[in-house]
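Data file: coords35.cif. Format and content: mmCIF, C-alpha atoms.
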data_protein
#
loop_
_atom_site.group_PDB
_atom_site.id
_atom_site.type_symbol
_atom_site.label_atom_id
_atom_site.label_comp_id
_atom_site.auth_asym_id
_atom_site.auth_seq_id
_atom_site.Cartn_x
_atom_site.Cartn_y
_atom_site.Cartn_z
ATOM 1 C CA MET A 706 77.890 -28.774 -47.095
ATOM 2 C CA LYS A 707 80.639 -26.346 -47.764
ATOM 3 C CA HIS A 708 82.379 -28.004 -50.713
ATOM 4 C CA SER A 709 79.573 -30.211 -52.076
ATOM 5 C CA GLN A 710 79.812 -28.746 -55.591
ATOM 6 C CA TYR A 711 83.242 -30.361 -55.859
ATOM 7 C CA LEU A 712 81.521 -33.762 -56.004
ATOM 8 C CA VAL A 713 79.360 -33.046 -59.078
ATOM 9 C CA GLU A 714 80.028 -35.049 -62.242
ATOM 10 C CA ARG A 715 79.154 -33.516 -65.614
ATOM 11 C CA THR A 716 77.825 -35.564 -68.543
ATOM 12 C CA THR A 717 79.961 -35.165 -71.672
ATOM 13 C CA SER A 718 78.165 -37.782 -73.804
ATOM 14 C CA SER A 719 75.239 -40.161 -73.457
ATOM 15 C CA ASN A 720 74.461 -43.362 -75.355
ATOM 16 C CA LYS A 721 71.145 -45.206 -74.954
ATOM 17 C CA ILE A 722 72.028 -48.906 -75.059
ATOM 18 C CA LEU A 723 68.553 -50.332 -74.305
ATOM 19 C CA ASP A 724 65.148 -48.836 -75.010
ATOM 20 C CA GLY A 725 62.826 -51.219 -73.163
ATOM 21 C CA LYS A 726 59.117 -51.057 -72.472
ATOM 22 C CA LEU A 727 59.686 -49.981 -68.845
ATOM 23 C CA LEU A 728 63.377 -49.142 -68.568
ATOM 24 C CA LYS A 729 65.934 -47.255 -70.625
ATOM 25 C CA VAL A 730 69.610 -48.081 -70.080
ATOM 26 C CA PHE A 731 72.343 -45.533 -70.786
ATOM 27 C CA ASN A 732 76.126 -45.583 -70.936
ATOM 28 C CA ASP A 733 77.349 -42.045 -70.302
ATOM 29 C CA VAL A 734 80.787 -40.513 -70.213
ATOM 30 C CA VAL A 735 81.228 -38.030 -67.393
ATOM 31 C CA SER A 736 83.797 -35.453 -66.433
ATOM 32 C CA LEU A 737 84.892 -36.075 -62.845
ATOM 33 C CA PRO A 738 85.632 -33.330 -60.298
ATOM 34 C CA ASN A 739 89.384 -33.806 -60.798
ATOM 35 C CA GLY A 740 89.072 -33.306 -64.579
ATOM 36 C CA SER A 741 89.437 -36.942 -65.638
ATOM 37 C CA SER A 742 86.690 -38.943 -67.373
ATOM 38 C CA SER A 743 84.800 -42.088 -66.480
ATOM 39 C CA SER A 744 81.781 -44.025 -67.682
ATOM 40 C CA ARG A 745 78.459 -44.415 -65.889
ATOM 41 C CA GLU A 746 75.906 -47.074 -66.787
ATOM 42 C CA TRP A 747 72.483 -46.172 -65.428
ATOM 43 C CA ILE A 748 68.796 -46.937 -65.798
ATOM 44 C CA LYS A 749 66.092 -44.358 -66.481
ATOM 45 C CA HIS A 750 62.866 -45.280 -64.651
ATOM 46 C CA PRO A 751 59.457 -43.539 -64.881
ATOM 47 C CA GLY A 752 59.095 -43.406 -61.095
ATOM 48 C CA ALA A 753 56.697 -45.307 -58.886
ATOM 49 C CA CYS A 754 54.296 -45.025 -55.975
ATOM 50 C CA ALA A 755 53.755 -47.256 -52.967
ATOM 51 C CA ILE A 756 50.872 -47.154 -50.534
ATOM 52 C CA VAL A 757 50.303 -48.629 -47.100
ATOM 53 C CA PRO A 758 46.528 -49.150 -46.802
ATOM 54 C CA MET A 759 45.387 -49.036 -43.169
ATOM 55 C CA PHE A 760 42.047 -50.254 -41.871
ATOM 56 C CA SER A 761 40.314 -48.649 -38.879
ATOM 57 C CA ASN A 762 41.271 -51.600 -36.636
ATOM 58 C CA LYS A 763 44.994 -50.927 -37.350
ATOM 59 C CA ASP A 764 45.369 -53.757 -39.862
ATOM 60 C CA ILE A 765 47.209 -53.130 -43.123
ATOM 61 C CA MET A 766 46.997 -54.872 -46.480
ATOM 62 C CA LEU A 767 50.104 -56.329 -48.085
ATOM 63 C CA ILE A 768 50.355 -58.470 -51.181
ATOM 64 C CA LYS A 769 52.429 -61.553 -51.882
ATOM 65 C CA GLN A 770 53.940 -61.657 -55.339
ATOM 66 C CA PHE A 771 56.488 -63.739 -57.227
ATOM 67 C CA ARG A 772 59.438 -61.661 -58.430
ATOM 68 C CA TYR A 773 61.209 -63.146 -61.415
ATOM 69 C CA PRO A 774 64.750 -61.700 -60.946
ATOM 70 C CA MET A 775 64.984 -63.180 -57.435
ATOM 71 C CA ALA A 776 62.844 -66.272 -58.275
ATOM 72 C CA GLN A 777 60.946 -66.025 -55.022
ATOM 73 C CA ILE A 778 57.738 -64.736 -53.457
ATOM 74 C CA PHE A 779 57.844 -61.474 -51.502
ATOM 75 C CA TYR A 780 55.528 -59.605 -49.169
ATOM 76 C CA GLU A 781 55.078 -56.122 -50.604
ATOM 77 C CA VAL A 782 53.083 -52.970 -50.163
ATOM 78 C CA PRO A 783 50.842 -52.243 -53.154
ATOM 79 C CA ALA A 784 53.003 -50.311 -55.608
ATOM 80 C CA GLY A 785 53.617 -49.641 -59.258
ATOM 81 C CA LYS A 786 55.109 -47.378 -61.877
ATOM 82 C CA ILE A 787 53.776 -43.966 -62.735
ATOM 83 C CA ASP A 788 52.123 -44.066 -66.145
ATOM 84 C CA ARG A 789 52.623 -41.211 -68.592
ATOM 85 C CA GLY A 790 50.417 -38.262 -67.685
ATOM 86 C CA GLU A 791 49.591 -39.559 -64.180
ATOM 87 C CA THR A 792 50.247 -37.722 -60.960
ATOM 88 C CA PRO A 793 51.785 -39.771 -58.147
ATOM 89 C CA GLU A 794 48.461 -39.580 -56.258
ATOM 90 C CA ILE A 795 46.541 -41.065 -59.200
ATOM 91 C CA THR A 796 49.148 -43.823 -59.523
ATOM 92 C CA ALA A 797 48.933 -44.683 -55.810
ATOM 93 C CA GLU A 798 45.137 -44.893 -55.945
ATOM 94 C CA ARG A 799 45.182 -46.901 -59.200
ATOM 95 C CA GLU A 800 47.726 -49.410 -57.889
ATOM 96 C CA LEU A 801 45.847 -49.799 -54.619
ATOM 97 C CA LEU A 802 42.641 -50.667 -56.464
ATOM 98 C CA GLU A 803 44.320 -52.877 -59.082
ATOM 99 C CA GLU A 804 46.349 -54.956 -56.651
ATOM 100 C CA THR A 805 44.057 -55.137 -53.623
ATOM 101 C CA GLY A 806 40.559 -54.079 -54.638
ATOM 102 C CA LEU A 807 40.728 -51.296 -52.046
ATOM 103 C CA THR A 808 40.104 -47.565 -52.262
ATOM 104 C CA CYS A 809 40.825 -44.947 -49.646
ATOM 105 C CA LYS A 810 39.167 -41.645 -48.771
ATOM 106 C CA ILE A 811 42.347 -40.227 -47.237
ATOM 107 C CA LEU A 812 45.665 -40.424 -49.084
ATOM 108 C CA HIS A 813 48.548 -38.908 -47.120
ATOM 109 C CA TYR A 814 51.994 -38.342 -48.652
ATOM 110 C CA VAL A 815 54.739 -39.411 -46.218
ATOM 111 C CA GLY A 816 57.806 -38.876 -48.417
ATOM 112 C CA HIS A 817 59.860 -40.529 -51.095
ATOM 113 C CA ILE A 818 62.903 -42.737 -51.519
ATOM 114 C CA TYR A 819 65.525 -43.381 -54.177
ATOM 115 C CA PRO A 820 65.951 -47.181 -54.017
ATOM 116 C CA ALA A 821 68.890 -47.626 -56.392
ATOM 117 C CA ILE A 822 71.035 -44.476 -56.450
ATOM 118 C CA GLY A 823 74.117 -46.274 -57.726
ATOM 119 C CA TYR A 824 72.568 -47.305 -61.043
ATOM 120 C CA ALA A 825 69.043 -45.869 -61.513
ATOM 121 C CA ASP A 826 67.113 -42.614 -61.234
ATOM 122 C CA GLU A 827 64.002 -44.317 -59.798
ATOM 123 C CA ILE A 828 61.983 -42.438 -57.194
ATOM 124 C CA ILE A 829 59.224 -44.076 -55.146
ATOM 125 C CA HIS A 830 56.568 -41.823 -53.597
ATOM 126 C CA ILE A 831 55.183 -43.222 -50.334
ATOM 127 C CA TYR A 832 51.581 -42.842 -49.215
ATOM 128 C CA ALA A 833 49.443 -43.858 -46.254
ATOM 129 C CA GLY A 834 45.884 -44.729 -47.218
ATOM 130 C CA MET A 835 43.120 -44.452 -44.635
ATOM 131 C CA GLU A 836 39.343 -44.807 -44.509
ATOM 132 C CA ILE A 837 39.518 -47.928 -46.639
ATOM 133 C CA ASN A 838 36.670 -49.296 -48.754
ATOM 134 C CA GLU A 839 36.665 -52.708 -50.386
ATOM 135 C CA GLU A 840 35.940 -52.884 -54.113
ATOM 136 C CA GLU A 841 36.900 -55.469 -56.709
ATOM 137 C CA SER A 842 40.585 -55.849 -57.626
ATOM 138 C CA ASN A 843 41.601 -55.563 -61.251
ATOM 139 C CA THR A 844 45.177 -56.806 -61.589
ATOM 140 C CA ASP A 845 47.019 -56.583 -64.889
ATOM 141 C CA ALA A 846 46.786 -59.677 -67.114
ATOM 142 C CA ASP A 847 50.384 -60.650 -66.283
ATOM 143 C CA GLU A 848 50.154 -59.880 -62.569
ATOM 144 C CA PHE A 849 49.248 -62.482 -59.948
ATOM 145 C CA VAL A 850 49.038 -61.540 -56.275
ATOM 146 C CA ILE A 851 47.651 -62.835 -52.989
ATOM 147 C CA LYS A 852 46.270 -60.248 -50.577
ATOM 148 C CA GLU A 853 47.349 -60.505 -46.926
ATOM 149 C CA ARG A 854 45.573 -58.456 -44.268
ATOM 150 C CA LEU A 855 47.471 -58.335 -40.980
ATOM 151 C CA PRO A 856 48.006 -56.127 -37.943
ATOM 152 C CA PHE A 857 50.488 -53.318 -38.606
ATOM 153 C CA GLU A 858 52.463 -54.325 -35.513
ATOM 154 C CA GLU A 859 52.782 -57.889 -36.851
ATOM 155 C CA ALA A 860 54.112 -56.568 -40.176
ATOM 156 C CA MET A 861 56.740 -54.558 -38.298
ATOM 157 C CA HIS A 862 57.764 -57.731 -36.459
ATOM 158 C CA MET A 863 57.975 -59.567 -39.813
ATOM 159 C CA ILE A 864 60.611 -57.026 -40.884
ATOM 160 C CA THR A 865 62.687 -57.911 -37.815
ATOM 161 C CA THR A 866 62.434 -61.645 -38.497
ATOM 162 C CA GLY A 867 63.270 -61.242 -42.187
ATOM 163 C CA GLU A 868 59.916 -62.517 -43.410
ATOM 164 C CA ILE A 869 59.408 -59.117 -45.046
ATOM 165 C CA ASN A 870 62.627 -58.379 -46.923
ATOM 166 C CA ASP A 871 61.653 -56.218 -49.906
ATOM 167 C CA GLY A 872 63.507 -52.928 -49.480
ATOM 168 C CA LYS A 873 60.724 -50.590 -50.582
ATOM 169 C CA THR A 874 58.215 -52.382 -48.355
ATOM 170 C CA ILE A 875 60.485 -52.164 -45.317
ATOM 171 C CA ILE A 876 61.055 -48.447 -45.832
ATOM 172 C CA CYS A 877 57.389 -47.723 -46.578
ATOM 173 C CA LEU A 878 56.210 -49.544 -43.469
ATOM 174 C CA HIS A 879 58.790 -47.776 -41.296
ATOM 175 C CA ARG A 880 57.964 -44.345 -42.746
ATOM 176 C CA VAL A 881 54.210 -44.781 -42.300
ATOM 177 C CA TRP A 882 54.688 -46.295 -38.813
ATOM 178 C CA GLN A 883 56.771 -43.245 -37.804
ATOM 179 C CA TRP A 884 54.282 -40.825 -39.380
ATOM 180 C CA LEU A 885 51.397 -42.448 -37.492
ATOM 181 C CA ASN A 886 53.357 -42.347 -34.245
ATOM 182 C CA GLN A 887 54.255 -38.675 -34.684
ATOM 183 C CA THR A 888 50.792 -37.657 -35.863
ATOM 184 C CA PHE A 889 48.510 -39.706 -33.638
ATOM 185 C CA GLY A 890 50.811 -40.999 -30.899
ATOM 186 C CA SER A 891 51.647 -44.575 -30.087
ATOM 187 C CA SER A 892 48.017 -45.352 -29.142
ATOM 188 C CA LYS A 893 47.118 -45.392 -32.859
ATOM 189 C CA LEU A 894 49.594 -48.236 -33.413
ATOM 190 C CA LYS A 895 48.524 -50.596 -30.631
#
Encoded form (structure tokens):
Amino acid sequence: MKHSQYLVERTTSSNKILDGKLLKVFNDVVSLPNGSSSSREWIKHPGACAIVPMFSNKDIMLIKQFRYPMAQIFYEVPAGKIDRGETPEITAERELLEETGLTCKILHYVGHIYPAIGYADEIIHIYAGMEINEEESNTDADEFVIKERLPFEEAMHMITTGEINDGKTIICLHRVWQWLNQTFGSSKLK
């Protein structure tokens, strides 16, 4: 990228307009590459982790959860925000146990995504969890979920039909599906 530095915007001032429990909202003034100024409203997020737990028979575990902003129920991979002082690995394992009652002996990092680059700095770390053990789930007091165990291939079909339409879940399933295919070959997926 020969002239990429030309695209960089520089912050000249920053004003926190909301200091919420999870999110912080800022209104910044930036200097644009052509020398003019503009404003940027953006959300500071602590980051999150998502995990695709895979059983030895090639099933995965998703959860169904009501999401208030959209006022509907979504299929999702187990996921949650990184708490202060946690590593992404600890967060992934904690969220897996809290939301599904599962633990995994193998936790493999398959990458990360930035789900809202136009207005937030959120990063989601993606993991594949293997060698699954069932424990007892311990959801947060304000969190209600239904666990759904299904074949990985069926979940991939549910993306195509639109039954799975949460962006992070779609990307996580695709990333882990590709990683499995590259690492173990297509026989692991069928």
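Take the candidates A:Ala753, A:Ala825, A:Leu855, A:Val881 and check each one against A:Arg799 using all atoms listed in the file; the shortest distance goes to A:Ala753.
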Atomic separation - atom CA of A:Met863 relative to atom CA of A:Ile765, Å: 13.0 Å
Centre, x/y/z edge lengths, axis-aligned box for stretch 777-796 of chain A with 3 Å per side, as lines of an AutoDock Vina configuration file:
center_x = 53.7
center_y = -51.9
center_z = -58.9
size_x = 20.4
size_y = 34.3
size_z = 25.4
Contacts of A:Lys721 at 9 Å (all atoms listed in the file; same-chain gap of 4+ positions) as an mmCIF file with C-alpha atoms, keeping the file's coordinate frame:
data_model
loop_
_atom_site.group_PDB
_atom_site.id
_atom_site.type_symbol
_atom_site.label_atom_id
_atom_site.label_comp_id
_atom_site.auth_asym_id
_atom_site.auth_seq_id
_atom_site.Cartn_x
_atom_site.Cartn_y
_atom_site.Cartn_z
ATOM 1 C CA LYS A 729 65.934 -47.255 -70.625
ATOM 2 C CA VAL A 730 69.610 -48.081 -70.080
ATOM 3 C CA PHE A 731 72.343 -45.533 -70.786
ATOM 4 C CA ASN A 732 76.126 -45.583 -70.936
ATOM 5 C CA ASP A 733 77.349 -42.045 -70.302
#
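Around A:Tyr819, within 12 Å and counting all atoms listed in the file, the residues found are A:His750, A:Gly752, A:Ala753, A:Cys754, A:Gly816, A:His817, A:Ala821, A:Ile822, A:Gly823, A:Tyr824, A:Ala825, A:Asp826, A:Glu827, A:Ile828, A:Ile829, A:His830, A:Ile831, A:Gly872, A:Lys873, A:Ile876, A:Cys877, once anything fewer than 2 positions away on its own chain is removed.
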With distances taken over only C-alpha atoms, which residue among A:Tyr814, A:Ala860, A:Ala833, A:Phe849 lies nearest A:Phe771? A:Phe849
Output requested as a PDB file, keeping the file's coordinate frame - stretch 830-852 of chain A, filled out with N, CA and C atoms.
ATOM      1  N   HIS A 830      57.356 -42.673 -54.484  1.00  0.00           N
ATOM      2  CA  HIS A 830      56.568 -41.823 -53.597  1.00  0.00           C
ATOM      3  C   HIS A 830      55.786 -42.725 -52.649  1.00  0.00           C
ATOM      4  N   ILE A 831      55.789 -42.382 -51.363  1.00  0.00           N
ATOM      5  CA  ILE A 831      55.183 -43.222 -50.334  1.00  0.00           C
ATOM      6  C   ILE A 831      53.926 -42.550 -49.779  1.00  0.00           C
ATOM      7  N   TYR A 832      52.857 -43.335 -49.717  1.00  0.00           N
ATOM      8  CA  TYR A 832      51.581 -42.842 -49.215  1.00  0.00           C
ATOM      9  C   TYR A 832      51.028 -43.744 -48.122  1.00  0.00           C
ATOM     10  N   ALA A 833      50.272 -43.130 -47.216  1.00  0.00           N
ATOM     11  CA  ALA A 833      49.443 -43.858 -46.254  1.00  0.00           C
ATOM     12  C   ALA A 833      48.012 -43.680 -46.735  1.00  0.00           C
ATOM     13  N   GLY A 834      47.286 -44.783 -46.816  1.00  0.00           N
ATOM     14  CA  GLY A 834      45.884 -44.729 -47.218  1.00  0.00           C
ATOM     15  C   GLY A 834      45.000 -45.080 -46.033  1.00  0.00           C
ATOM     16  N   MET A 835      44.011 -44.218 -45.774  1.00  0.00           N
ATOM     17  CA  MET A 835      43.120 -44.452 -44.635  1.00  0.00           C
ATOM     18  C   MET A 835      41.670 -44.296 -45.082  1.00  0.00           C
ATOM     19  N   GLU A 836      40.769 -44.731 -44.208  1.00  0.00           N
ATOM     20  CA  GLU A 836      39.343 -44.807 -44.509  1.00  0.00           C
ATOM     21  C   GLU A 836      39.152 -45.676 -45.753  1.00  0.00           C
ATOM     22  N   ILE A 837      39.472 -46.932 -45.569  1.00  0.00           N
ATOM     23  CA  ILE A 837      39.518 -47.928 -46.639  1.00  0.00           C
ATOM     24  C   ILE A 837      38.123 -48.461 -46.968  1.00  0.00           C
ATOM     25  N   ASN A 838      37.879 -48.631 -48.256  1.00  0.00           N
ATOM     26  CA  ASN A 838      36.670 -49.296 -48.754  1.00  0.00           C
ATOM     27  C   ASN A 838      37.101 -50.457 -49.630  1.00  0.00           C
ATOM     28  N   GLU A 839      36.353 -51.537 -49.566  1.00  0.00           N
ATOM     29  CA  GLU A 839      36.665 -52.708 -50.386  1.00  0.00           C
ATOM     30  C   GLU A 839      35.850 -52.682 -51.661  1.00  0.00           C
ATOM     31  N   GLU A 840      36.537 -52.819 -52.785  1.00  0.00           N
ATOM     32  CA  GLU A 840      35.940 -52.884 -54.113  1.00  0.00           C
ATOM     33  C   GLU A 840      36.372 -54.211 -54.726  1.00  0.00           C
ATOM     34  N   GLU A 841      36.426 -54.261 -56.036  1.00  0.00           N
ATOM     35  CA  GLU A 841      36.900 -55.469 -56.709  1.00  0.00           C
ATOM     36  C   GLU A 841      38.262 -55.188 -57.334  1.00  0.00           C
ATOM     37  N   SER A 842      39.246 -56.067 -57.064  1.00  0.00           N
ATOM     38  CA  SER A 842      40.585 -55.849 -57.626  1.00  0.00           C
ATOM     39  C   SER A 842      40.565 -56.107 -59.123  1.00  0.00           C
ATOM     40  N   ASN A 843      41.519 -55.487 -59.804  1.00  0.00           N
ATOM     41  CA  ASN A 843      41.601 -55.563 -61.251  1.00  0.00           C
ATOM     42  C   ASN A 843      43.070 -55.609 -61.656  1.00  0.00           C
ATOM     43  N   THR A 844      43.751 -56.701 -61.294  1.00  0.00           N
ATOM     44  CA  THR A 844      45.177 -56.806 -61.589  1.00  0.00           C
ATOM     45  C   THR A 844      45.421 -56.870 -63.086  1.00  0.00           C
ATOM     46  N   ASP A 845      46.622 -56.479 -63.489  1.00  0.00           N
ATOM     47  CA  ASP A 845      47.019 -56.583 -64.889  1.00  0.00           C
ATOM     48  C   ASP A 845      47.017 -58.050 -65.301  1.00  0.00           C
ATOM     49  N   ALA A 846      46.882 -58.307 -66.601  1.00  0.00           N
ATOM     50  CA  ALA A 846      46.786 -59.677 -67.114  1.00  0.00           C
ATOM     51  C   ALA A 846      47.999 -60.525 -66.759  1.00  0.00           C
ATOM     52  N   ASP A 847      49.169 -59.895 -66.598  1.00  0.00           N
ATOM     53  CA  ASP A 847      50.384 -60.650 -66.283  1.00  0.00           C
ATOM     54  C   ASP A 847      50.797 -60.509 -64.825  1.00  0.00           C
ATOM     55  N   GLU A 848      49.857 -60.122 -63.978  1.00  0.00           N
ATOM     56  CA  GLU A 848      50.154 -59.880 -62.569  1.00  0.00           C
ATOM     57  C   GLU A 848      49.289 -60.798 -61.703  1.00  0.00           C
ATOM     58  N   PHE A 849      49.935 -61.558 -60.828  1.00  0.00           N
ATOM     59  CA  PHE A 849      49.248 -62.482 -59.948  1.00  0.00           C
ATOM     60  C   PHE A 849      49.684 -62.199 -58.517  1.00  0.00           C
ATOM     61  N   VAL A 850      48.726 -61.893 -57.658  1.00  0.00           N
ATOM     62  CA  VAL A 850      49.038 -61.540 -56.275  1.00  0.00           C
ATOM     63  C   VAL A 850      48.065 -62.226 -55.320  1.00  0.00           C
ATOM     64  N   ILE A 851      48.510 -62.380 -54.079  1.00  0.00           N
ATOM     65  CA  ILE A 851      47.651 -62.835 -52.989  1.00  0.00           C
ATOM     66  C   ILE A 851      47.613 -61.709 -51.966  1.00  0.00           C
ATOM     67  N   LYS A 852      46.427 -61.305 -51.571  1.00  0.00           N
ATOM     68  CA  LYS A 852      46.270 -60.248 -50.577  1.00  0.00           C
ATOM     69  C   LYS A 852      46.438 -60.825 -49.178  1.00  0.00           C
TER      70      LYS A 852
END
